[in-house]
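Enquirer: Next up is a structure, given as structure tokens.
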Amino acid sequence: FDGPPEEATSRYFALQAGKISESEPGMLPALRQDPLIKRIQANDILTSARARQGGESVSIQAASFRNEKGLHDFTVKQSSAVVIDIVLQAKNSTDAAHVGVHLYDRMNNLVFAAGSPQLQVCPPRMAAGESIIVTIEITLSVQPGHYTFSLNCAEISAASPNLGSLHDRHDGLGPIHVWQEDGVMHPFYGIARLPMTIEFHH
């Protein structure tokens, strides 16, 4: 293959995973045109991805991002929740299409990563050609600044819960701008907020 490095990488991972052959077309059938999928497609953030890789047996077809005000905007108030809607489509039938998010700071340090396995959410079985919507809500309890993120879909390995086979991954999405209100007590200091309790005793 002679072409963009991102596509070459994607084809390589796909072939390694044995998901597709070089002769197979890269495009999947058109998605169902229901209103929610149309809304996600109309506000699709995947075009901003810096790279894409994976076998794409299950692909992330579109994704949208909403801030705490419900707006399709990457400007987010500190410690507020955002919603990411993802459209998944199965090229082959599967019952293992787990999804997850990786969040990186401006120096590309991994700040946080988790997905349906960590939350013990079991994905539904998908028939070949079927599409579903996955909604992720995440509270950005991080310091003010700029962040990028990736969205991924993978199958967990039977050998280890911390290993797997990548279906599809979109890297470098965003950037998210997390801002902090002036004149109020900072909710925490440092990189991220950790669960914490304090008790005073006589």
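Here's how to read the names in the structure tokens: chain A, B, ... by the order shown, residue numbers from 1 in each chain, ligand numbers from 1 in the order shown.
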Which residues of stretch 64-108 of chain A sit at most 12 Å from stretch 192-199 of chain A, using only C-alpha atoms? Give each one's shortest atom pair and distance in Å (one decimal place), in chain and ascending residue order, as JSON lines.
Expert:
```
{"residue": "A:Gln78", "atom": "CA", "partner": "A:Ala192", "partner_atom": "CA", "distance": 10.5}
{"residue": "A:Ser79", "atom": "CA", "partner": "A:Arg193", "partner_atom": "CA", "distance": 8.6}
{"residue": "A:Leu103", "atom": "CA", "partner": "A:Ala192", "partner_atom": "CA", "distance": 11.6}
{"residue": "A:Tyr104", "atom": "CA", "partner": "A:Ala192", "partner_atom": "CA", "distance": 11.9}
{"residue": "A:Asp105", "atom": "CA", "partner": "A:Ala192", "partner_atom": "CA", "distance": 11.0}
```
Enquirer: Would you pick out the contacts of A:Asp95 at 8 Å or less, using only C-alpha atoms, so that residues sharing its chain but fewer than 5 positions from it are not included, and give the list as a PyMOL selection string?
Expert: chain A and resi 123-126
Enquirer: Excluding A:Lys91 and its own-chain neighbours fewer than 2 positions away, which residues fall within 9 Å of it when counting only C-alpha atoms? Please give them as an NGL selection string.
Expert: :A and (28-29 or 56-59 or 89 or 93-94 or 127-130)
Enquirer: Put those residues in a file: N, CA and C atoms, as a PDB file, in the first residue's frame.
Expert:
```pdb
ATOM      1  N   LEU A  28     -18.222   0.785   4.854  1.00  0.00           N
ATOM      2  CA  LEU A  28     -19.313  -0.062   5.324  1.00  0.00           C
ATOM      3  C   LEU A  28     -20.631   0.432   4.743  1.00  0.00           C
ATOM      4  N   PRO A  29     -21.679  -0.374   4.792  1.00  0.00           N
ATOM      5  CA  PRO A  29     -22.977   0.063   4.291  1.00  0.00           C
ATOM      6  C   PRO A  29     -23.481   1.294   5.037  1.00  0.00           C
ATOM      7  N   GLU A  56     -11.258  -2.575  12.375  1.00  0.00           N
ATOM      8  CA  GLU A  56     -12.554  -2.065  11.943  1.00  0.00           C
ATOM      9  C   GLU A  56     -13.590  -3.148  11.688  1.00  0.00           C
ATOM     10  N   SER A  57     -13.442  -4.298  12.354  1.00  0.00           N
ATOM     11  CA  SER A  57     -14.521  -5.288  12.316  1.00  0.00           C
ATOM     12  C   SER A  57     -15.772  -4.662  12.908  1.00  0.00           C
ATOM     13  N   VAL A  58     -15.561  -3.836  13.942  1.00  0.00           N
ATOM     14  CA  VAL A  58     -16.592  -2.939  14.455  1.00  0.00           C
ATOM     15  C   VAL A  58     -16.002  -1.549  14.344  1.00  0.00           C
ATOM     16  N   SER A  59     -16.708  -0.623  13.710  1.00  0.00           N
ATOM     17  CA  SER A  59     -16.137   0.704  13.484  1.00  0.00           C
ATOM     18  C   SER A  59     -16.936   1.791  14.182  1.00  0.00           C
ATOM     19  N   GLN A  89     -20.852   0.561  14.312  1.00  0.00           N
ATOM     20  CA  GLN A  89     -21.440  -0.342  13.318  1.00  0.00           C
ATOM     21  C   GLN A  89     -20.570  -1.584  13.190  1.00  0.00           C
ATOM     22  N   SER A  93     -20.623  -9.974  12.916  1.00  0.00           N
ATOM     23  CA  SER A  93     -21.346 -10.127  14.177  1.00  0.00           C
ATOM     24  C   SER A  93     -20.360 -10.218  15.336  1.00  0.00           C
ATOM     25  N   THR A  94     -20.728  -9.626  16.479  1.00  0.00           N
ATOM     26  CA  THR A  94     -19.845  -9.613  17.642  1.00  0.00           C
ATOM     27  C   THR A  94     -20.654  -9.418  18.911  1.00  0.00           C
ATOM     28  N   ALA A 127     -25.334  -7.820  15.360  1.00  0.00           N
ATOM     29  CA  ALA A 127     -25.342  -8.610  14.132  1.00  0.00           C
ATOM     30  C   ALA A 127     -24.556  -7.876  13.058  1.00  0.00           C
ATOM     31  N   ALA A 128     -24.115  -8.597  12.051  1.00  0.00           N
ATOM     32  CA  ALA A 128     -23.384  -7.976  10.950  1.00  0.00           C
ATOM     33  C   ALA A 128     -24.234  -6.898  10.295  1.00  0.00           C
ATOM     34  N   GLY A 129     -23.673  -5.705  10.140  1.00  0.00           N
ATOM     35  CA  GLY A 129     -24.392  -4.589   9.536  1.00  0.00           C
ATOM     36  C   GLY A 129     -25.198  -3.761  10.516  1.00  0.00           C
ATOM     37  N   GLU A 130     -25.316  -4.237  11.762  1.00  0.00           N
ATOM     38  CA  GLU A 130     -26.125  -3.510  12.749  1.00  0.00           C
ATOM     39  C   GLU A 130     -25.350  -2.330  13.315  1.00  0.00           C
TER      40      GLU A 130
END
```
Enquirer: For a test of reading the model, state the distance in Å between atom CA of A:Val142 and atom CA of A:His98, rounded to one decimal.
Expert: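 Rounded to one decimal, the two atoms are 24.7 Å apart.
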Enquirer: So, counting only C-alpha atoms, which residue among A:Pro117, A:Pro175, A:Gly55, A:Pro35 is closest to A:Ile156?
Expert: A:Pro117
Enquirer: Quick one: distance from atom CA of A:Ala154 to atom CA of A:Glu137 in Å, one decimal?
Expert: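 A separation of 18.8 Å between them.
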Enquirer: Here is a test: counting only C-alpha atoms, which residue of A:Pro187, A:Ser80, A:Leu46, A:Leu110 is nearest to A:Asn67?
Expert: A:Ser80
Enquirer: Based on DSSP run over this structure's backbone, return all residues of stretch 29-181 of chain A in helix (DSSP H, G or I), as number ranges by chain.
Expert: A: 35-42, 46-48
Enquirer: Quick one: pull the distance between atom CA of A:Val134 and atom CA of A:Val99, Å, one decimal.
Expert: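 Atom CA of A:Val99 lies at a distance of 8.2 Å from atom CA of A:Val134.
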Enquirer: Using only C-alpha atoms, which protein or nucleic acid residues come within 6 Å of A:Leu88? Drop anything in the same chain fewer than 6 positions from it, and give the result as a tab-separated table (two decimals) with all heavy atoms, in the first residue's frame.
Expert:
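That gives us result38.tsv:
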```tsv
chain	number	residue	atom	x	y	z
A	59	SER	N	-16.71	-0.62	13.71
A	59	SER	CA	-16.14	0.70	13.48
A	59	SER	C	-16.94	1.79	14.18
A	59	SER	O	-18.15	1.68	14.37
A	59	SER	CB	-16.05	1.01	11.98
A	59	SER	OG	-17.34	1.01	11.41
A	60	ILE	N	-16.21	2.82	14.58
A	60	ILE	CA	-16.84	4.04	15.10
A	60	ILE	C	-17.15	4.91	13.90
A	60	ILE	O	-16.26	5.47	13.28
A	60	ILE	CB	-15.90	4.76	16.09
A	60	ILE	CG1	-15.53	3.84	17.25
A	60	ILE	CG2	-16.55	6.04	16.60
A	60	ILE	CD1	-14.49	4.42	18.19
A	61	GLN	N	-18.42	4.99	13.54
A	61	GLN	CA	-18.83	5.68	12.33
A	61	GLN	C	-18.97	7.19	12.51
A	61	GLN	O	-18.72	7.96	11.59
A	61	GLN	CB	-20.17	5.11	11.83
A	61	GLN	CG	-20.08	3.72	11.29
A	61	GLN	CD	-19.37	3.68	9.96
A	61	GLN	OE1	-19.68	4.45	9.05
A	61	GLN	NE2	-18.40	2.79	9.82
A	131	SER	N	-26.07	-1.25	13.63
A	131	SER	CA	-25.46	-0.09	14.27
A	131	SER	C	-26.17	0.20	15.58
A	131	SER	O	-27.37	-0.03	15.72
A	131	SER	CB	-25.51	1.14	13.36
A	131	SER	OG	-26.85	1.45	13.01
A	132	ILE	N	-25.40	0.66	16.58
A	132	ILE	CA	-25.95	1.03	17.88
A	132	ILE	C	-25.34	2.37	18.30
A	132	ILE	O	-24.33	2.80	17.75
A	132	ILE	CB	-25.67	-0.03	18.96
A	132	ILE	CG1	-24.16	-0.19	19.19
A	132	ILE	CG2	-26.33	-1.36	18.62
A	132	ILE	CD1	-23.82	-1.07	20.39
```
Enquirer: Run DSSP on the backbone of this structure and report the residues of stretch 154-192 of chain A it assigns to strand (DSSP E or B), as a PyMOL selection string.
Expert: chain A and resi 154-156+164-179+192
Enquirer: Write a file of the selected residues as a PDB file, in the first residue's frame, keeping N, CA, C and O atoms.
Expert:
```
ATOM      1  N   ALA A 154     -12.817  -2.021  21.234  1.00  0.00           N
ATOM      2  CA  ALA A 154     -11.909  -3.160  21.250  1.00  0.00           C
ATOM      3  C   ALA A 154     -12.584  -4.389  21.822  1.00  0.00           C
ATOM      4  O   ALA A 154     -13.635  -4.299  22.464  1.00  0.00           O
ATOM      5  N   GLU A 155     -11.946  -5.518  21.585  1.00  0.00           N
ATOM      6  CA  GLU A 155     -12.410  -6.801  22.115  1.00  0.00           C
ATOM      7  C   GLU A 155     -11.391  -7.291  23.139  1.00  0.00           C
ATOM      8  O   GLU A 155     -10.191  -7.313  22.862  1.00  0.00           O
ATOM      9  N   ILE A 156     -11.851  -7.637  24.343  1.00  0.00           N
ATOM     10  CA  ILE A 156     -10.953  -8.067  25.406  1.00  0.00           C
ATOM     11  C   ILE A 156     -10.416  -9.461  25.116  1.00  0.00           C
ATOM     12  O   ILE A 156     -11.150 -10.343  24.662  1.00  0.00           O
ATOM     13  N   GLY A 164      -6.176  -6.851  24.617  1.00  0.00           N
ATOM     14  CA  GLY A 164      -7.303  -6.981  23.705  1.00  0.00           C
ATOM     15  C   GLY A 164      -6.911  -6.769  22.261  1.00  0.00           C
ATOM     16  O   GLY A 164      -5.756  -6.491  21.934  1.00  0.00           O
ATOM     17  N   SER A 165      -7.907  -6.898  21.402  1.00  0.00           N
ATOM     18  CA  SER A 165      -7.748  -6.690  19.969  1.00  0.00           C
ATOM     19  C   SER A 165      -8.509  -5.427  19.583  1.00  0.00           C
ATOM     20  O   SER A 165      -9.705  -5.307  19.865  1.00  0.00           O
ATOM     21  N   LEU A 166      -7.807  -4.497  18.971  1.00  0.00           N
ATOM     22  CA  LEU A 166      -8.399  -3.206  18.633  1.00  0.00           C
ATOM     23  C   LEU A 166      -9.291  -3.314  17.405  1.00  0.00           C
ATOM     24  O   LEU A 166      -8.855  -3.791  16.355  1.00  0.00           O
ATOM     25  N   HIS A 167     -10.539  -2.870  17.547  1.00  0.00           N
ATOM     26  CA  HIS A 167     -11.440  -2.789  16.390  1.00  0.00           C
ATOM     27  C   HIS A 167     -11.246  -1.463  15.662  1.00  0.00           C
ATOM     28  O   HIS A 167     -11.072  -1.421  14.452  1.00  0.00           O
ATOM     29  N   ASP A 168     -11.306  -0.360  16.409  1.00  0.00           N
ATOM     30  CA  ASP A 168     -11.234   0.969  15.794  1.00  0.00           C
ATOM     31  C   ASP A 168     -10.819   1.978  16.855  1.00  0.00           C
ATOM     32  O   ASP A 168     -11.255   1.894  18.013  1.00  0.00           O
ATOM     33  N   ARG A 169      -9.968   2.934  16.472  1.00  0.00           N
ATOM     34  CA  ARG A 169      -9.524   3.967  17.407  1.00  0.00           C
ATOM     35  C   ARG A 169      -9.274   5.258  16.650  1.00  0.00           C
ATOM     36  O   ARG A 169      -8.614   5.260  15.605  1.00  0.00           O
ATOM     37  N   HIS A 170      -9.812   6.355  17.184  1.00  0.00           N
ATOM     38  CA  HIS A 170      -9.612   7.693  16.621  1.00  0.00           C
ATOM     39  C   HIS A 170      -8.831   8.515  17.645  1.00  0.00           C
ATOM     40  O   HIS A 170      -9.299   8.734  18.765  1.00  0.00           O
ATOM     41  N   ASP A 171      -7.643   8.983  17.262  1.00  0.00           N
ATOM     42  CA  ASP A 171      -6.753   9.700  18.172  1.00  0.00           C
ATOM     43  C   ASP A 171      -6.737  11.200  17.890  1.00  0.00           C
ATOM     44  O   ASP A 171      -6.985  11.641  16.762  1.00  0.00           O
ATOM     45  N   GLY A 172      -6.380  11.969  18.921  1.00  0.00           N
ATOM     46  CA  GLY A 172      -6.168  13.408  18.762  1.00  0.00           C
ATOM     47  C   GLY A 172      -7.433  14.216  18.602  1.00  0.00           C
ATOM     48  O   GLY A 172      -7.417  15.260  17.943  1.00  0.00           O
ATOM     49  N   LEU A 173      -8.536  13.764  19.172  1.00  0.00           N
ATOM     50  CA  LEU A 173      -9.796  14.509  19.078  1.00  0.00           C
ATOM     51  C   LEU A 173      -9.769  15.709  20.020  1.00  0.00           C
ATOM     52  O   LEU A 173      -9.129  15.700  21.050  1.00  0.00           O
ATOM     53  N   GLY A 174     -10.523  16.733  19.671  1.00  0.00           N
ATOM     54  CA  GLY A 174     -10.571  17.942  20.489  1.00  0.00           C
ATOM     55  C   GLY A 174      -9.941  19.107  19.742  1.00  0.00           C
ATOM     56  O   GLY A 174     -10.059  19.196  18.523  1.00  0.00           O
ATOM     57  N   PRO A 175      -9.245  20.016  20.461  1.00  0.00           N
ATOM     58  CA  PRO A 175      -8.948  19.935  21.895  1.00  0.00           C
ATOM     59  C   PRO A 175     -10.105  20.427  22.766  1.00  0.00           C
ATOM     60  O   PRO A 175     -10.888  21.285  22.361  1.00  0.00           O
ATOM     61  N   ILE A 176     -10.174  19.860  23.963  1.00  0.00           N
ATOM     62  CA  ILE A 176     -11.122  20.316  24.975  1.00  0.00           C
ATOM     63  C   ILE A 176     -10.454  21.428  25.776  1.00  0.00           C
ATOM     64  O   ILE A 176      -9.309  21.285  26.201  1.00  0.00           O
ATOM     65  N   HIS A 177     -11.163  22.536  25.951  1.00  0.00           N
ATOM     66  CA  HIS A 177     -10.657  23.628  26.794  1.00  0.00           C
ATOM     67  C   HIS A 177     -11.422  23.608  28.110  1.00  0.00           C
ATOM     68  O   HIS A 177     -12.614  23.900  28.152  1.00  0.00           O
ATOM     69  N   VAL A 178     -10.750  23.230  29.190  1.00  0.00           N
ATOM     70  CA  VAL A 178     -11.359  23.210  30.520  1.00  0.00           C
ATOM     71  C   VAL A 178     -11.043  24.536  31.204  1.00  0.00           C
ATOM     72  O   VAL A 178      -9.869  24.913  31.320  1.00  0.00           O
ATOM     73  N   TRP A 179     -12.093  25.251  31.623  1.00  0.00           N
ATOM     74  CA  TRP A 179     -11.891  26.546  32.258  1.00  0.00           C
ATOM     75  C   TRP A 179     -12.404  26.536  33.693  1.00  0.00           C
ATOM     76  O   TRP A 179     -13.212  25.695  34.082  1.00  0.00           O
ATOM     77  N   ALA A 192      -5.482  16.210  38.801  1.00  0.00           N
ATOM     78  CA  ALA A 192      -6.840  15.671  38.766  1.00  0.00           C
ATOM     79  C   ALA A 192      -7.388  15.533  40.182  1.00  0.00           C
ATOM     80  O   ALA A 192      -6.642  15.500  41.158  1.00  0.00           O
TER      81      ALA A 192
END
```
Enquirer: For A:Ala42, work out the shell of residues within 10 Å, counting only C-alpha atoms and skipping chain neighbours fewer than 4 positions away, then give it as a list in words.
Expert: Leu36, Ile37, Lys38, Ala62, Ala63 and Ser64 of chain A
Enquirer: Identify which of the residues A:Phe149, A:Phe65, A:Phe112, A:Phe74 lies closest to A:Ala49, counting only C-alpha atoms when measuring atom-to-atom distances.
Expert: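 Looking only at the distances to A:Ala49, the closest residue turns out to be A:Phe149.
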Enquirer: Measuring atom to atom with only C-alpha atoms, identify which of A:Leu151, A:Ile45, A:Thr139, A:Pro161 is nearest to A:His102.
Expert: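 Of A:Leu151, A:Ile45, A:Thr139, A:Pro161, the one nearest A:His102 is A:Leu151, counting only C-alpha atoms.
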